[in-house]
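Engineer: Dropping a structure here in structure tokens format, bear with me for questions.
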Amino acid sequence: MVGRRIILFISIITIPVLAVQDGILVHYGNGMDAYRKGQYDLAIQEFESILSKNFDSQELYYNLGNAFYRVGNTAGAIWAFESCLKLSPTHSDAKYNLKLANLKVIDRMDLPEPPIYLQWYLSIKEHFTPSAWVNITLFIFFIFSIMMVASRMTSSLLLHNIRGSILVVFFVSLFLTIHTIWTDNSLNLGIIYSTKVDVRSEPNPFSTRLFEVHEGLRVSINQTINEWVDIELMDGKTGWIENDQIRLIR
Amino acid sequence: MCLTTSLILAEGTVNVTVDQRRVNEGDSITLTVSAKNVQNDPDVSLPKMQDFKVVSGPNQSSSTNVQFINGKMNKNSTITLIWTLIPTKTGQLEIPAMEIKAGKQSFTSSPISITVSKRENNQSESISQFFVEAEVDNNGPYRGEQVILTYTLYTKVDVTSFDDELPRYKGFWTEELFSPKNLQLREIQKNGNRFYAATIKKIALFPTQSGTIIIDPMIAVIGVREKQQRWNDFSLFGPPSKKNTISTNRLVLEVQPLPERQDGKISAVVGNWNIRSGINATNMKQDEAVTFQIIINGTGNIQTVDISNISFPNELEVFEPEIQTKENPLRDQLGGEKKFEWVLIPRFTGDIYIPKIQFNYFDPKEAKWLTKSTTRHRLKVSPNEKVAISSIGLSKEEVALVGKDIRFIDESHPKWRDKNSGLVTSTTLTFLLLSGMVFAFPHANNFRRRRVEQSSGGRQARRALKLAFTILDSASDTPEEIFNHIYRAVVSFINHKTGSKKVEYSTGEIMEIIQSYDKTEVYKEIEQILKRGEAVRFAPISSQDAQNDLLEIKMLLEKVNNGWS
């Protein structure tokens with residue numbers, strides 16, 4: 001009797017989840033089929049419907065980016081590839097396709113390269129997602145705890161030294177984890193989605209037009225007020241645009 | 001006026017009349033229902049007329065005439081309902097019978113036959129004094145080909161006003177070419193008769209579908225000066241004129257579909273077109289803008305001409321084109337010139353070629369698809385020193401990507417993620433748990449060992465008295481043996497109680513231990529017994545006394561055991 005109740009309880013919990021998963025798989029399968037047949041608009045529609053159900057994956061973003069690229073939607077392609085790289089920063093195909101899509105962006109901004117040590121640090125930091133960094137740090141802590149127990153039990157000098165080294169690695173990893181999480185929470189990015197956008201000095205359509213940006217440009221977002229978004233370009237320029245002219249990378 | 005039907009009612013009469021029974025194509029007829037001396041307004045339900053179009057009506061009017069004859073008053077009242085009808089085809093047509101209700105009585109009129117003649121067949125006696133004719137320059141155009149529809153007014157009388165109501169031109173995209181504010185009359189011969197003619201409207205039609213398309217007649221209300229009456233010089237309202245409703249002939253077009261293309265290129269442009277291109281500079285420096293133009297001119301629907309989606313070389317940054325359309329000012333045929341102007345910025349040095357731009361269209365005169373193209377332009381781009389310092393062009397890595405295609409889709413099975421999930425995953429929790437467990441392991445082990453030891457000592461202590469009694473019970477009858485067992489029993493008792501494993505204790509040590517754990521005074525009696533045991537080798541004691549000490553030590557150890565803390 002108790003067993004039946006447990007099975008019923010598990011079913012009530014899991015059946016809706018599995019049903020949603022099934023729907024996602026159908027949409028994903030339809031989208032992939034449409035892409036293979038060259039029906040890119042239909043593929044986009046199917047992939048977007050999965051995103052609207054609050055599910056995503058690096059494969060979904062990558063394939064969505066390809067579909068956007070095929071229909072000539074540069075902004076959509078860049079947004080999708082950036083979203084893919086946010087989930088999987090080492091996705092080489094997404095990096096390659098993003099570079100191709102960025103060739104079509106009108107607004108090009110190059111900043112001076114940072115010092116080599118900073119490049120190393122950033123390349124290590126941005127090699128993993130915040131979630132991966134948390135797991136890495138906890139794994140190192142797990143190894144450290146094993147070494148600590150082993151060194152106490154055997155009182156070996158070698159184990160003692162290894163334990164010390166692992167502790168140093170642990171603190172470095174902890175620092176990177178905290179920095180990655182902080183960056184992820186504080187830096188909001190978006191892609192300009194309209195062909196041409198007038199950037200204004202205030203969040204209203206009657207304010208001064210400061211400059212214009214074009215589709216596909218990656219900008220950071222400082223704040224949002226009602227229907228307006230305060231954007232900042234890589235070169236430090238800031239201004240307001242309407243929120244339907246930008247798509248946020250979440 | 002032609003009296004057709006007269007219905008005699010109890011109170012009065014109802015007449016159904018038409019003004020003429022023989023008309024020309026496009027002329028209107030007036031259908032009148034007049035009720036004389038009826039008490040109620042006549043209720044007329046107009047039948048469904050397939051051969052006529054009702055362009056106005058019913059217009060109702062009433063009149064009353066009162067006369068006194070020989071002191072008697074005669075009163076006549078007349079109610080008149082008028083419709084204006086235009087025949088929709090030629091031949092022998094019929095106005096069907098009409099249902100007329102006047103008061104409580106209901107009557108049905110007789111059908112009225114009307115003869116409608118084609119205008120070309122007109123005999124001299126039935127020539128219309130004025131009419132409007134619609135004609136097209138091509139009755140069998142291709143889909144998308146321009147057809148000019150012209151409305152011409154022919155008149156023999158003075159026209160004082162002209163108001164038209166154009167049809168909807170279903171199946172066409174239209175553009176008005178000519179619509180004069182004043183009629184410009186010219187004298188011409190039409191079917192052997194002299195008329196004054198004026199072009200009223202000229203419209204460019206572009207069929208949007210193939211097959212048979214009908215252009216409905218245009219309805220016009222024309223004001224004609226009446227000859228019989230002289231204009232009173234003192235009249236405030238000018239010369240009198242009569243309004244007449246007329247319509248044009250109906251036109252039928254057989255629109256041919258565009259022929260299939262062999263090369264698979266798709267275009268909706270039909271007409272006669274030319275294309276040319278130009279560039280304001282062919283030698284320039286990197287990142288200097290140039291203007292590239294493509295001009296397409298000719299006749300046809302210029303709105304369908306579009307070549308804004310051109311693939312320029314990737315070495316050029318291309319801005320949105322500016323498109324200017326200049327329509328033909330003469331307006332005989334729709335057409336003109338469309339100019340596309342791009343601003344191009346070469347981002348690389350070297351020779352950059354703007355390829356030939358092809359323009360595909362269907363030429364209805366030649367009845368075939370044609371492709372015209374611009375010339376190829378070569379841009380010689382030299383390095384720009386300023387740009388070399390702060391280049392916003394493509395990097396070397398990006399240049400290597402120019403012309404490449406994206407990588408194929410990822411076919412692997414996706415690992416779905418709930419977008420609302422946070423940083424903590426099941427892996428995170430597993431590592432956290434494992435680390436905690438490993439960290440706590442030595443402490444837990446120590447704790448467990450202490451607990452085991454503690455529990456083991458307690459068990460030993462609980463067994464101390466029992467073991468001591470076993471030793472005592474195993475003693476033989478000899479006094480030396482009894483006291484020897486008493487000593488061993490006390491030592492065993494102490495060892496089990498304290499967890500010690502010493503083999504020998506002095507009497508002082510035993511007393512010290514018992515005194516520290518036992519708060520009762522029994523240790524003194526134990527000390528006496530132990531001392532008697534030491535002395536038994538030198539001062540013999542009876543077996544009975546030894547047995548008594550054995551019993552007493554049992555009792556004392558039990559007391560110590562109970563008071564042990």
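Ligands are numbered from 1 in the order shown, residues from 1 within each chain, and chains are lettered A, B, ... in the order they appear in the structure tokens.
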Counting only C-alpha atoms, which residues from chain A have an atom at most 9 Å from any atom of chain B, and could you show them as an MDAnalysis selection string?
Structural biologist: chainID A and resid 21 32 35 51 54:60 62:64 66:67 69 93:94 96:101 103:104 106:110 130:132 134:136 138:139 141:146 148:149 152:153 181 250
Engineer: Contacts of Glu126 in chain A at 10 Å or less, counting only C-alpha atoms, minus same-chain residues fewer than 2 places along, as number ranges by chain?
Structural biologist: A: 85-86, 88-90, 120-124, 128-130, 133, 176, 180
Engineer: Those same residues, written as a CSV table (one decimal), in the first residue's frame with C-alpha atoms?
Structural biologist:
chain,number,residue,atom,x,y,z
A,85,LEU,CA,29.0,30.6,-25.7
A,86,LYS,CA,27.6,31.8,-22.4
A,88,SER,CA,29.6,26.7,-23.2
A,89,PRO,CA,32.5,29.1,-23.6
A,90,THR,CA,34.7,26.6,-25.3
A,120,TRP,CA,45.9,34.9,-19.5
A,121,TYR,CA,43.8,35.5,-16.5
A,122,LEU,CA,40.7,36.4,-18.5
A,123,SER,CA,41.2,33.4,-20.8
A,124,ILE,CA,41.3,31.1,-17.8
A,128,PHE,CA,34.3,28.0,-17.8
A,129,THR,CA,30.9,29.1,-16.8
A,130,PRO,CA,30.2,30.2,-13.3
A,133,TRP,CA,33.8,27.1,-11.7
A,176,LEU,CA,38.2,32.9,-10.0
A,180,THR,CA,33.2,34.9,-12.5
Engineer: Could you tell me which of A:Asp184, A:Ile140, A:Glu202, A:Lys53 comes closest to Leu87 in chain A if we count only C-alpha atoms?
Structural biologist: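 Under the stated criterion, the closest residue is A:Asp184.
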Engineer: If you run DSSP on the backbone, which residues of range 2-248 of chain A are alpha helix (DSSP H), as number ranges by chain?
Structural biologist: A: 2-36, 40-52, 58-70, 74-87, 92-102, 116-125, 130-154, 157-186
Engineer: For the selection you just gave me, I'd like the residues written to a file as a short mmCIF file (atom, residue, chain, number, x, y, z; two decimals), in the first residue's frame, keeping C-alpha atoms.
Structural biologist:
data_model
loop_
_atom_site.label_atom_id
_atom_site.label_comp_id
_atom_site.auth_asym_id
_atom_site.auth_seq_id
_atom_site.Cartn_x
_atom_site.Cartn_y
_atom_site.Cartn_z
CA VAL A 2 2.82 2.33 1.05
CA GLY A 3 4.72 1.36 -2.12
CA ARG A 4 1.74 2.30 -4.31
CA ARG A 5 1.48 5.68 -2.62
CA ILE A 6 5.15 6.34 -3.21
CA ILE A 7 4.80 5.41 -6.91
CA LEU A 8 1.72 7.67 -7.20
CA PHE A 9 3.57 10.56 -5.55
CA ILE A 10 6.60 10.15 -7.83
CA SER A 11 4.27 9.97 -10.85
CA ILE A 12 2.51 13.20 -9.88
CA ILE A 13 5.86 14.94 -9.57
CA THR A 14 7.53 13.52 -12.67
CA ILE A 15 4.75 13.19 -15.28
CA PRO A 16 4.32 16.97 -15.90
CA VAL A 17 8.11 17.37 -16.17
CA LEU A 18 8.37 14.48 -18.63
CA ALA A 19 5.42 15.87 -20.62
CA VAL A 20 7.18 19.24 -20.98
CA GLN A 21 10.39 17.44 -21.97
CA ASP A 22 8.46 15.47 -24.59
CA GLY A 23 7.05 18.71 -26.08
CA ILE A 24 10.52 20.17 -26.23
CA LEU A 25 11.89 17.12 -27.99
CA VAL A 26 9.10 17.33 -30.59
CA HIS A 27 9.81 21.01 -31.27
CA TYR A 28 13.54 20.35 -31.41
CA GLY A 29 13.09 17.44 -33.82
CA ASN A 30 10.79 19.52 -36.05
CA GLY A 31 13.27 22.39 -36.02
CA MET A 32 16.17 20.12 -36.99
CA ASP A 33 14.15 18.54 -39.80
CA ALA A 34 13.12 21.98 -41.09
CA TYR A 35 16.74 23.12 -41.05
CA ARG A 36 17.89 20.09 -43.00
CA TYR A 40 15.05 28.02 -41.91
CA ASP A 41 12.13 30.25 -40.89
CA LEU A 42 10.23 27.21 -39.64
CA ALA A 43 13.33 25.97 -37.82
CA ILE A 44 13.64 29.34 -36.06
CA GLN A 45 9.99 29.19 -35.08
CA GLU A 46 10.37 25.71 -33.55
CA PHE A 47 13.59 26.56 -31.67
CA GLU A 48 12.14 29.79 -30.34
CA SER A 49 9.10 27.93 -29.03
CA ILE A 50 11.45 25.83 -26.85
CA LEU A 51 13.05 28.98 -25.45
CA SER A 52 9.61 30.34 -24.67
CA GLN A 58 24.07 25.01 -25.98
CA GLU A 59 23.06 22.83 -28.95
CA LEU A 60 19.73 24.68 -29.26
CA TYR A 61 21.37 28.11 -29.30
CA TYR A 62 24.02 26.97 -31.77
CA ASN A 63 21.50 25.54 -34.23
CA LEU A 64 19.20 28.55 -33.80
CA GLY A 65 22.16 30.79 -34.61
CA ASN A 66 22.82 28.82 -37.80
CA ALA A 67 19.16 29.16 -38.85
CA PHE A 68 19.23 32.91 -38.20
CA TYR A 69 22.44 33.17 -40.22
CA ARG A 70 20.91 31.30 -43.14
CA THR A 74 22.70 38.80 -38.47
CA ALA A 75 21.49 40.15 -35.14
CA GLY A 76 19.62 36.94 -34.34
CA ALA A 77 22.62 34.81 -35.30
CA ILE A 78 25.00 36.81 -33.12
CA TRP A 79 22.56 36.72 -30.22
CA ALA A 80 22.17 32.94 -30.49
CA PHE A 81 25.91 32.23 -30.82
CA GLU A 82 26.68 34.53 -27.88
CA SER A 83 24.03 32.73 -25.83
CA CYS A 84 25.59 29.38 -26.80
CA LEU A 85 29.03 30.59 -25.71
CA LYS A 86 27.62 31.79 -22.43
CA LEU A 87 26.55 28.23 -21.70
CA SER A 92 34.63 26.10 -31.04
CA ASP A 93 31.96 25.90 -33.78
CA ALA A 94 29.91 28.64 -32.12
CA LYS A 95 33.05 30.79 -31.84
CA TYR A 96 33.81 30.27 -35.52
CA ASN A 97 30.25 31.00 -36.68
CA LEU A 98 30.07 34.04 -34.41
CA LYS A 99 33.17 35.45 -36.09
CA LEU A 100 31.54 34.95 -39.51
CA ALA A 101 28.32 36.62 -38.35
CA ASN A 102 30.28 39.52 -36.85
CA ILE A 116 49.49 39.56 -21.55
CA TYR A 117 49.03 38.57 -17.89
CA LEU A 118 45.52 39.98 -17.95
CA GLN A 119 44.81 38.11 -21.18
CA TRP A 120 45.92 34.87 -19.51
CA TYR A 121 43.83 35.54 -16.47
CA LEU A 122 40.74 36.41 -18.53
CA SER A 123 41.22 33.43 -20.83
CA ILE A 124 41.31 31.12 -17.79
CA LYS A 125 38.36 32.85 -16.14
CA PRO A 130 30.17 30.25 -13.26
CA SER A 131 28.47 26.93 -12.56
CA ALA A 132 31.50 25.00 -13.85
CA TRP A 133 33.80 27.11 -11.71
CA VAL A 134 31.76 26.27 -8.61
CA ASN A 135 32.07 22.56 -9.40
CA ILE A 136 35.80 22.84 -10.08
CA THR A 137 36.40 24.62 -6.79
CA LEU A 138 34.39 22.06 -4.86
CA PHE A 139 36.25 19.23 -6.58
CA ILE A 140 39.59 20.74 -5.55
CA PHE A 141 38.27 21.09 -2.00
CA PHE A 142 37.25 17.44 -2.10
CA ILE A 143 40.77 16.41 -3.19
CA PHE A 144 42.24 18.64 -0.50
CA SER A 145 40.10 17.04 2.18
CA ILE A 146 41.19 13.55 1.07
CA MET A 147 44.84 14.61 1.14
CA MET A 148 44.37 16.12 4.58
CA VAL A 149 42.91 12.93 5.97
CA ALA A 150 45.58 10.81 4.29
CA SER A 151 48.42 12.97 5.62
CA ARG A 152 47.01 12.81 9.16
CA MET A 153 46.76 9.05 9.00
CA THR A 154 50.19 8.42 7.51
CA LEU A 157 55.99 14.61 4.41
CA LEU A 158 55.22 14.20 0.68
CA LEU A 159 51.49 14.08 1.32
CA HIS A 160 51.82 17.10 3.59
CA ASN A 161 53.49 19.09 0.79
CA ILE A 162 50.92 17.99 -1.80
CA ARG A 163 48.17 19.03 0.61
CA GLY A 164 49.70 22.50 0.85
CA SER A 165 49.88 22.84 -2.94
CA ILE A 166 46.27 21.78 -3.36
CA LEU A 167 45.24 24.34 -0.77
CA VAL A 168 46.89 27.10 -2.86
CA VAL A 169 45.14 25.86 -6.03
CA PHE A 170 41.88 25.80 -4.09
CA PHE A 171 42.16 29.45 -3.09
CA VAL A 172 43.04 30.49 -6.68
CA SER A 173 40.05 28.57 -7.96
CA LEU A 174 37.84 30.10 -5.26
CA PHE A 175 38.93 33.59 -6.32
CA LEU A 176 38.19 32.86 -9.98
CA THR A 177 34.81 31.42 -9.04
CA ILE A 178 33.83 34.48 -7.05
CA HIS A 179 35.06 36.80 -9.82
CA THR A 180 33.18 34.86 -12.51
CA ILE A 181 29.94 34.88 -10.55
CA TRP A 182 30.31 38.58 -9.79
CA THR A 183 30.97 39.38 -13.47
CA ASP A 184 28.07 37.24 -14.58
CA ASN A 185 25.66 38.98 -12.23
CA SER A 186 26.85 42.52 -12.79
#
Engineer: To one decimal place, how far is CA of Lys101 in chain B from CA of Gln20 in chain B in Å?
Structural biologist: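 Pair CA of Lys101 in chain B / CA of Gln20 in chain B returns 24.9 Å.
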Engineer: Please provide as a ChimeraX atom specification all residues within 12 Å of Met555 in chain B, with the sequence filter that same-chain residues fewer than 2 positions apart are discarded (counting only C-alpha atoms).
Structural biologist: /B:465,468-469,472,522-523,525-526,548-553,557-562
Engineer: Limited to N, CA and C atoms, could you put the picked residues into a file as a PDB file, in the first residue's frame?
Structural biologist:
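File written: part_18.pdb
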ATOM      1  N   LEU B 465      32.639  -7.193  39.600  1.00  0.00           N
ATOM      2  CA  LEU B 465      32.172  -7.864  40.829  1.00  0.00           C
ATOM      3  C   LEU B 465      31.958  -9.350  40.571  1.00  0.00           C
ATOM      4  N   ALA B 468      35.221 -11.046  40.310  1.00  0.00           N
ATOM      5  CA  ALA B 468      35.837 -11.166  41.666  1.00  0.00           C
ATOM      6  C   ALA B 468      35.183 -12.293  42.454  1.00  0.00           C
ATOM      7  N   PHE B 469      33.842 -12.415  42.392  1.00  0.00           N
ATOM      8  CA  PHE B 469      33.122 -13.486  43.101  1.00  0.00           C
ATOM      9  C   PHE B 469      33.534 -14.854  42.561  1.00  0.00           C
ATOM     10  N   LEU B 472      36.691 -15.742  44.091  1.00  0.00           N
ATOM     11  CA  LEU B 472      36.507 -16.085  45.524  1.00  0.00           C
ATOM     12  C   LEU B 472      35.873 -17.481  45.673  1.00  0.00           C
ATOM     13  N   VAL B 522      33.917   1.318  54.072  1.00  0.00           N
ATOM     14  CA  VAL B 522      34.182  -0.127  54.038  1.00  0.00           C
ATOM     15  C   VAL B 522      35.637  -0.439  53.721  1.00  0.00           C
ATOM     16  N   TYR B 523      36.360   0.567  53.191  1.00  0.00           N
ATOM     17  CA  TYR B 523      37.764   0.288  52.819  1.00  0.00           C
ATOM     18  C   TYR B 523      38.586  -0.128  54.024  1.00  0.00           C
ATOM     19  N   GLU B 525      37.637  -1.992  56.610  1.00  0.00           N
ATOM     20  CA  GLU B 525      37.395  -3.420  56.877  1.00  0.00           C
ATOM     21  C   GLU B 525      38.103  -4.273  55.840  1.00  0.00           C
ATOM     22  N   ILE B 526      38.149  -3.769  54.565  1.00  0.00           N
ATOM     23  CA  ILE B 526      38.863  -4.499  53.496  1.00  0.00           C
ATOM     24  C   ILE B 526      40.356  -4.530  53.817  1.00  0.00           C
ATOM     25  N   ASN B 548      34.976 -17.038  57.110  1.00  0.00           N
ATOM     26  CA  ASN B 548      34.204 -15.836  57.482  1.00  0.00           C
ATOM     27  C   ASN B 548      34.706 -14.607  56.721  1.00  0.00           C
ATOM     28  N   ASP B 549      36.072 -14.489  56.628  1.00  0.00           N
ATOM     29  CA  ASP B 549      36.633 -13.331  55.888  1.00  0.00           C
ATOM     30  C   ASP B 549      36.225 -13.387  54.396  1.00  0.00           C
ATOM     31  N   LEU B 550      36.172 -14.634  53.899  1.00  0.00           N
ATOM     32  CA  LEU B 550      35.774 -14.793  52.489  1.00  0.00           C
ATOM     33  C   LEU B 550      34.345 -14.251  52.245  1.00  0.00           C
ATOM     34  N   LEU B 551      33.493 -14.642  53.210  1.00  0.00           N
ATOM     35  CA  LEU B 551      32.100 -14.163  53.074  1.00  0.00           C
ATOM     36  C   LEU B 551      32.018 -12.655  53.264  1.00  0.00           C
ATOM     37  N   GLU B 552      32.810 -12.171  54.205  1.00  0.00           N
ATOM     38  CA  GLU B 552      32.756 -10.733  54.494  1.00  0.00           C
ATOM     39  C   GLU B 552      33.273  -9.900  53.302  1.00  0.00           C
ATOM     40  N   ILE B 553      34.396 -10.415  52.676  1.00  0.00           N
ATOM     41  CA  ILE B 553      34.965  -9.641  51.556  1.00  0.00           C
ATOM     42  C   ILE B 553      33.982  -9.570  50.385  1.00  0.00           C
ATOM     43  N   LEU B 557      32.943  -6.088  48.935  1.00  0.00           N
ATOM     44  CA  LEU B 557      33.141  -5.737  47.517  1.00  0.00           C
ATOM     45  C   LEU B 557      31.808  -5.322  46.857  1.00  0.00           C
ATOM     46  N   GLU B 558      30.751  -5.987  47.350  1.00  0.00           N
ATOM     47  CA  GLU B 558      29.432  -5.617  46.796  1.00  0.00           C
ATOM     48  C   GLU B 558      29.076  -4.179  47.175  1.00  0.00           C
ATOM     49  N   LYS B 559      29.419  -3.818  48.470  1.00  0.00           N
ATOM     50  CA  LYS B 559      29.157  -2.448  48.915  1.00  0.00           C
ATOM     51  C   LYS B 559      30.007  -1.451  48.113  1.00  0.00           C
ATOM     52  N   VAL B 560      31.299  -1.808  47.901  1.00  0.00           N
ATOM     53  CA  VAL B 560      32.190  -0.910  47.139  1.00  0.00           C
ATOM     54  C   VAL B 560      31.671  -0.750  45.706  1.00  0.00           C
ATOM     55  N   ASN B 561      31.252  -1.869  45.147  1.00  0.00           N
ATOM     56  CA  ASN B 561      30.721  -1.843  43.769  1.00  0.00           C
ATOM     57  C   ASN B 561      29.517  -0.916  43.648  1.00  0.00           C
ATOM     58  N   ASN B 562      28.661  -0.987  44.692  1.00  0.00           N
ATOM     59  CA  ASN B 562      27.458  -0.131  44.642  1.00  0.00           C
ATOM     60  C   ASN B 562      27.815   1.340  44.809  1.00  0.00           C
TER      61      ASN B 562
END
Engineer: Taking the DSSP assignment computed from this structure's backbone, write out as number ranges by chain all residues of range 162-266 of chain B that belong to strand (DSSP E).
Structural biologist: B: 162-165, 172-178, 186-190, 193-207, 211-215, 219-225, 241-247, 251-255
Engineer: Let's have the selection written as a tab-separated table (two decimals), in the first residue's frame, with C-alpha atoms.
Structural biologist:
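Result saved to part-v2.tsv:
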chain	number	residue	atom	x	y	z
B	162	PHE	CA	-19.46	65.93	-65.73
B	163	ASP	CA	-19.20	63.69	-62.62
B	164	ASP	CA	-17.86	60.17	-62.87
B	165	GLU	CA	-17.89	57.11	-60.63
B	172	PHE	CA	-5.53	45.17	-61.54
B	173	TRP	CA	-2.96	47.40	-59.93
B	174	THR	CA	-3.85	50.89	-61.19
B	175	GLU	CA	-2.32	54.31	-61.51
B	176	GLU	CA	-4.10	57.36	-62.90
B	177	LEU	CA	-2.20	58.91	-65.78
B	178	PHE	CA	-4.45	61.74	-66.92
B	186	ARG	CA	-11.82	68.34	-80.15
B	187	GLU	CA	-13.85	67.64	-83.24
B	188	ILE	CA	-13.74	64.11	-84.62
B	189	GLN	CA	-15.70	61.73	-86.83
B	190	LYS	CA	-17.19	58.72	-85.05
B	193	ASN	CA	-21.01	61.23	-87.44
B	194	ARG	CA	-19.38	64.38	-86.25
B	195	PHE	CA	-18.82	64.65	-82.50
B	196	TYR	CA	-16.95	66.78	-80.05
B	197	ALA	CA	-14.71	64.49	-78.04
B	198	ALA	CA	-12.78	64.97	-74.83
B	199	THR	CA	-10.52	62.56	-72.95
B	200	ILE	CA	-11.93	62.29	-69.47
B	201	LYS	CA	-9.47	59.90	-67.86
B	202	LYS	CA	-6.46	57.79	-68.72
B	203	ILE	CA	-5.55	55.01	-66.34
B	204	ALA	CA	-2.62	52.57	-66.42
B	205	LEU	CA	-3.77	49.08	-65.51
B	206	PHE	CA	-1.42	46.24	-64.58
B	207	PRO	CA	-3.17	42.85	-64.46
B	211	GLY	CA	-7.31	34.73	-67.29
B	212	THR	CA	-10.43	36.66	-68.18
B	213	ILE	CA	-10.79	39.95	-66.32
B	214	ILE	CA	-13.84	42.20	-66.76
B	215	ILE	CA	-13.59	45.95	-66.36
B	219	ILE	CA	-21.06	55.55	-64.45
B	220	ALA	CA	-21.17	59.25	-65.24
B	221	VAL	CA	-23.68	62.00	-64.57
B	222	ILE	CA	-23.53	64.52	-67.34
B	223	GLY	CA	-25.17	67.93	-67.33
B	224	VAL	CA	-26.52	68.95	-70.75
B	225	ARG	CA	-27.82	72.38	-71.61
B	241	SER	CA	-29.30	72.11	-67.82
B	242	LYS	CA	-30.50	68.57	-67.44
B	243	LYS	CA	-28.65	65.84	-65.59
B	244	ASN	CA	-28.33	62.55	-67.44
B	245	THR	CA	-26.84	59.32	-66.18
B	246	ILE	CA	-24.84	57.33	-68.69
B	247	SER	CA	-22.34	54.52	-68.51
B	251	LEU	CA	-14.54	45.65	-71.34
B	252	VAL	CA	-13.23	42.11	-71.29
B	253	LEU	CA	-9.50	41.42	-71.15
B	254	GLU	CA	-7.89	38.04	-71.75
B	255	VAL	CA	-4.74	38.22	-69.64
Engineer: Would you list the contacts of Arg488 in chain B as a VMD selection string, taking every protein, DNA or RNA residue within 9 Å and counting only C-alpha atoms, but skipping same-chain residues closer than 5 positions in sequence?
Structural biologist: chain B and resid 468 471 to 472 483 493 503 to 504
